[in-house]
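Enquirer: Pasting a structure here, questions to come.
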Amino acid sequence: MKMAVLSFVSDPPHDPLGELVQQRLTRGSDDQIVREVLRPDLGRLKGLLLAALTDPRFDGILVVADLPGMGNENLVGQVEASLQQPLPAWQPLVAQLLWPQIGSQALWSHGCLGRSHRRLLAALAGNQQAVEAVLDGLLLPQLDRLLDWSAR
């Protein structure tokens, strides 16, 4: 599996969230994770998504962020706009998973998952504990199945 991780941070190169995601995604020696650490720039995100989605080397693209204010919501909105087929059950599952940790804040959690250009495309945004919970509880257990689905 080869994944692109686009990690948006307010103060690069400090990127603990991106490091966590890269470590969790790497399951074996055949897995390759290409991580790019970037400042929050929606124009650049759009260009990078287009480049990654049309690059035949990538099986999937994961955008991660823990940005202040409305940054997470805007970033996820940009990723959602690039989805050709969203997976509608994703956001309710994320909210259900996060409810015990963050209570009603889970209703406003930001994220999306789907496919575009025969690649898996996802955005996980929020604090490190929430992203880690979604990775471990939803994304990683189903990653192989999601990659197969997106390649069809």
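Here, A, B, ... name the chains of the structure tokens in the order displayed, residue numbers run from 1 inside each chain, and ligands are numbered from 1 in the same displayed order.
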Considering only C-alpha atoms, tabulate each residue of stretch 67-136 of chain A that lies at most 12 Å from stretch 33-54 of chain A along with its nearest interatomic pair and the corresponding distance in Å to one decimal; arrange the rows by chain and ascending residue number and present them as CSV.
Expert:
```
residue,atom,partner,partner_atom,distance
A:Leu67,CA,A:Pro40,CA,7.9
A:Pro68,CA,A:Pro40,CA,10.2
A:Gly69,CA,A:Pro40,CA,11.8
A:Met70,CA,A:Pro40,CA,11.2
A:Gly71,CA,A:Pro40,CA,7.5
A:Asn72,CA,A:Pro40,CA,9.4
A:Glu73,CA,A:Leu42,CA,11.3
A:Asn74,CA,A:Leu42,CA,7.9
A:Leu75,CA,A:Leu42,CA,6.7
A:Val76,CA,A:Leu42,CA,10.0
A:Gly77,CA,A:Leu42,CA,9.8
A:Gln78,CA,A:Lys46,CA,7.1
A:Val79,CA,A:Leu49,CA,7.9
A:Glu80,CA,A:Lys46,CA,10.9
A:Ala81,CA,A:Lys46,CA,9.4
A:Ser82,CA,A:Leu49,CA,7.8
A:Leu83,CA,A:Leu53,CA,10.2
A:Gln84,CA,A:Leu53,CA,11.2
A:Arg115,CA,A:Leu53,CA,9.7
A:Ser116,CA,A:Leu53,CA,7.1
A:His117,CA,A:Leu53,CA,6.1
A:Arg118,CA,A:Leu53,CA,8.3
A:Arg119,CA,A:Leu53,CA,6.8
A:Leu120,CA,A:Leu53,CA,9.0
A:Leu121,CA,A:Leu53,CA,8.4
A:Ala122,CA,A:Leu49,CA,10.8
A:Ala123,CA,A:Leu49,CA,11.3
```
Enquirer: Neighbours of stretch 133-136 of chain A within 12 Å (only C-alpha atoms; same-chain residues fewer than 4 positions away dropped), as a short mmCIF file (atom, residue, chain, number, x, y, z; two decimals) with C-alpha atoms, in the first residue's frame?
Expert:
```cif
data_model
loop_
_atom_site.label_atom_id
_atom_site.label_comp_id
_atom_site.auth_asym_id
_atom_site.auth_seq_id
_atom_site.Cartn_x
_atom_site.Cartn_y
_atom_site.Cartn_z
CA LEU A 17 -0.31 14.47 14.59
CA LEU A 20 1.26 9.59 14.75
CA VAL A 21 -0.78 8.98 11.59
CA GLN A 22 2.30 7.89 9.63
CA GLN A 23 3.29 5.42 12.36
CA ARG A 24 -0.22 3.98 12.60
CA LEU A 25 -0.60 3.58 8.83
CA LEU A 62 -5.29 11.09 3.96
CA VAL A 64 -5.00 15.42 8.70
CA TRP A 90 -18.59 7.64 7.94
CA GLN A 91 -19.50 10.79 9.86
CA PRO A 92 -22.23 9.16 12.02
CA LEU A 93 -19.80 6.34 12.89
CA VAL A 94 -17.13 8.88 13.85
CA ALA A 95 -19.59 10.78 16.06
CA GLN A 96 -20.71 7.54 17.73
CA LEU A 97 -17.11 6.47 18.36
CA LEU A 98 -16.11 9.84 19.82
CA TRP A 99 -19.24 10.36 21.96
CA PRO A 100 -17.84 8.58 25.06
CA GLN A 101 -14.65 10.67 24.86
CA ILE A 102 -15.89 14.15 24.06
CA ALA A 106 -18.72 14.60 18.77
CA SER A 109 -16.50 16.46 14.73
CA HIS A 110 -14.95 17.09 11.33
CA GLY A 111 -14.01 14.43 8.85
CA CYS A 112 -14.95 12.74 5.62
CA LEU A 113 -14.17 9.57 3.71
CA ALA A 122 -10.15 10.87 3.73
CA ALA A 123 -9.84 13.85 6.03
CA LEU A 124 -9.39 13.55 9.78
CA ALA A 125 -9.41 16.80 11.69
CA GLY A 126 -9.35 17.52 15.37
CA ASN A 127 -7.19 17.01 18.41
CA GLN A 128 -4.69 14.16 18.54
CA GLN A 129 -6.81 11.97 20.84
CA LEU A 140 -7.26 1.03 10.31
CA PRO A 141 -9.46 -2.03 10.99
CA GLN A 142 -11.22 -1.45 7.65
CA LEU A 143 -8.32 -0.02 5.63
#
```
Enquirer: Would you give me, as number ranges by chain, the residues in stretch 104-146 of chain A that DSSP reads as alpha helix (DSSP H)?
Expert: A: 128-134, 140-146
Enquirer: Could you take the residues named above and write them with N, CA and C atoms, as a tab-separated table (two decimals), in the first residue's frame?
Expert:
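File written: part.tsv
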```
chain	number	residue	atom	x	y	z
A	128	GLN	N	-5.42	15.41	18.75
A	128	GLN	CA	-4.69	14.16	18.54
A	128	GLN	C	-5.45	12.95	19.10
A	129	GLN	N	-6.09	13.10	20.25
A	129	GLN	CA	-6.81	11.97	20.84
A	129	GLN	C	-8.00	11.55	19.96
A	130	ALA	N	-8.71	12.51	19.41
A	130	ALA	CA	-9.85	12.19	18.54
A	130	ALA	C	-9.38	11.52	17.25
A	131	VAL	N	-8.35	12.06	16.64
A	131	VAL	CA	-7.83	11.47	15.40
A	131	VAL	C	-7.32	10.06	15.66
A	132	GLU	N	-6.63	9.88	16.77
A	132	GLU	CA	-6.11	8.56	17.13
A	132	GLU	C	-7.25	7.56	17.34
A	133	ALA	N	-8.32	7.99	17.99
A	133	ALA	CA	-9.46	7.11	18.22
A	133	ALA	C	-10.12	6.70	16.91
A	134	VAL	N	-10.25	7.64	15.97
A	134	VAL	CA	-10.87	7.33	14.68
A	134	VAL	C	-9.96	6.42	13.86
A	140	LEU	N	-8.25	2.10	10.45
A	140	LEU	CA	-7.26	1.03	10.31
A	140	LEU	C	-7.88	-0.37	10.26
A	141	PRO	N	-8.88	-0.68	11.09
A	141	PRO	CA	-9.46	-2.03	10.99
A	141	PRO	C	-10.11	-2.31	9.64
A	142	GLN	N	-10.54	-1.27	8.93
A	142	GLN	CA	-11.22	-1.45	7.65
A	142	GLN	C	-10.38	-0.99	6.46
A	143	LEU	N	-9.12	-0.64	6.68
A	143	LEU	CA	-8.32	-0.02	5.63
A	143	LEU	C	-8.21	-0.88	4.37
A	144	ASP	N	-7.91	-2.15	4.51
A	144	ASP	CA	-7.78	-3.01	3.32
A	144	ASP	C	-9.09	-3.06	2.53
A	145	ARG	N	-10.17	-3.20	3.24
A	145	ARG	CA	-11.48	-3.24	2.57
A	145	ARG	C	-11.81	-1.91	1.89
A	146	LEU	N	-11.50	-0.81	2.57
A	146	LEU	CA	-11.75	0.51	1.98
A	146	LEU	C	-10.88	0.74	0.74
```
Enquirer: Would you please give, as a PyMOL selection string, all residues of chain A that DSSP assigns to strand (DSSP E) based on the backbone?
Expert: chain A and resi 2-8+32-38+60-65+85-86+110-116+119-125
Enquirer: Taking only C-alpha atoms into account, name the residue in A:Pro13, A:Leu87, A:Lys2, A:Arg152 that is nearest to A:Gly114.
Expert: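 The shortest atom-to-atom distance to A:Gly114 comes from A:Leu87.
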Enquirer: Here is a test: counting only C-alpha atoms, which residue of A:Leu138, A:Ala65, A:Arg57, A:Met1 is nearest to A:Glu19?
Expert: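 With only C-alpha atoms as the atom set, the closest residue is A:Ala65.
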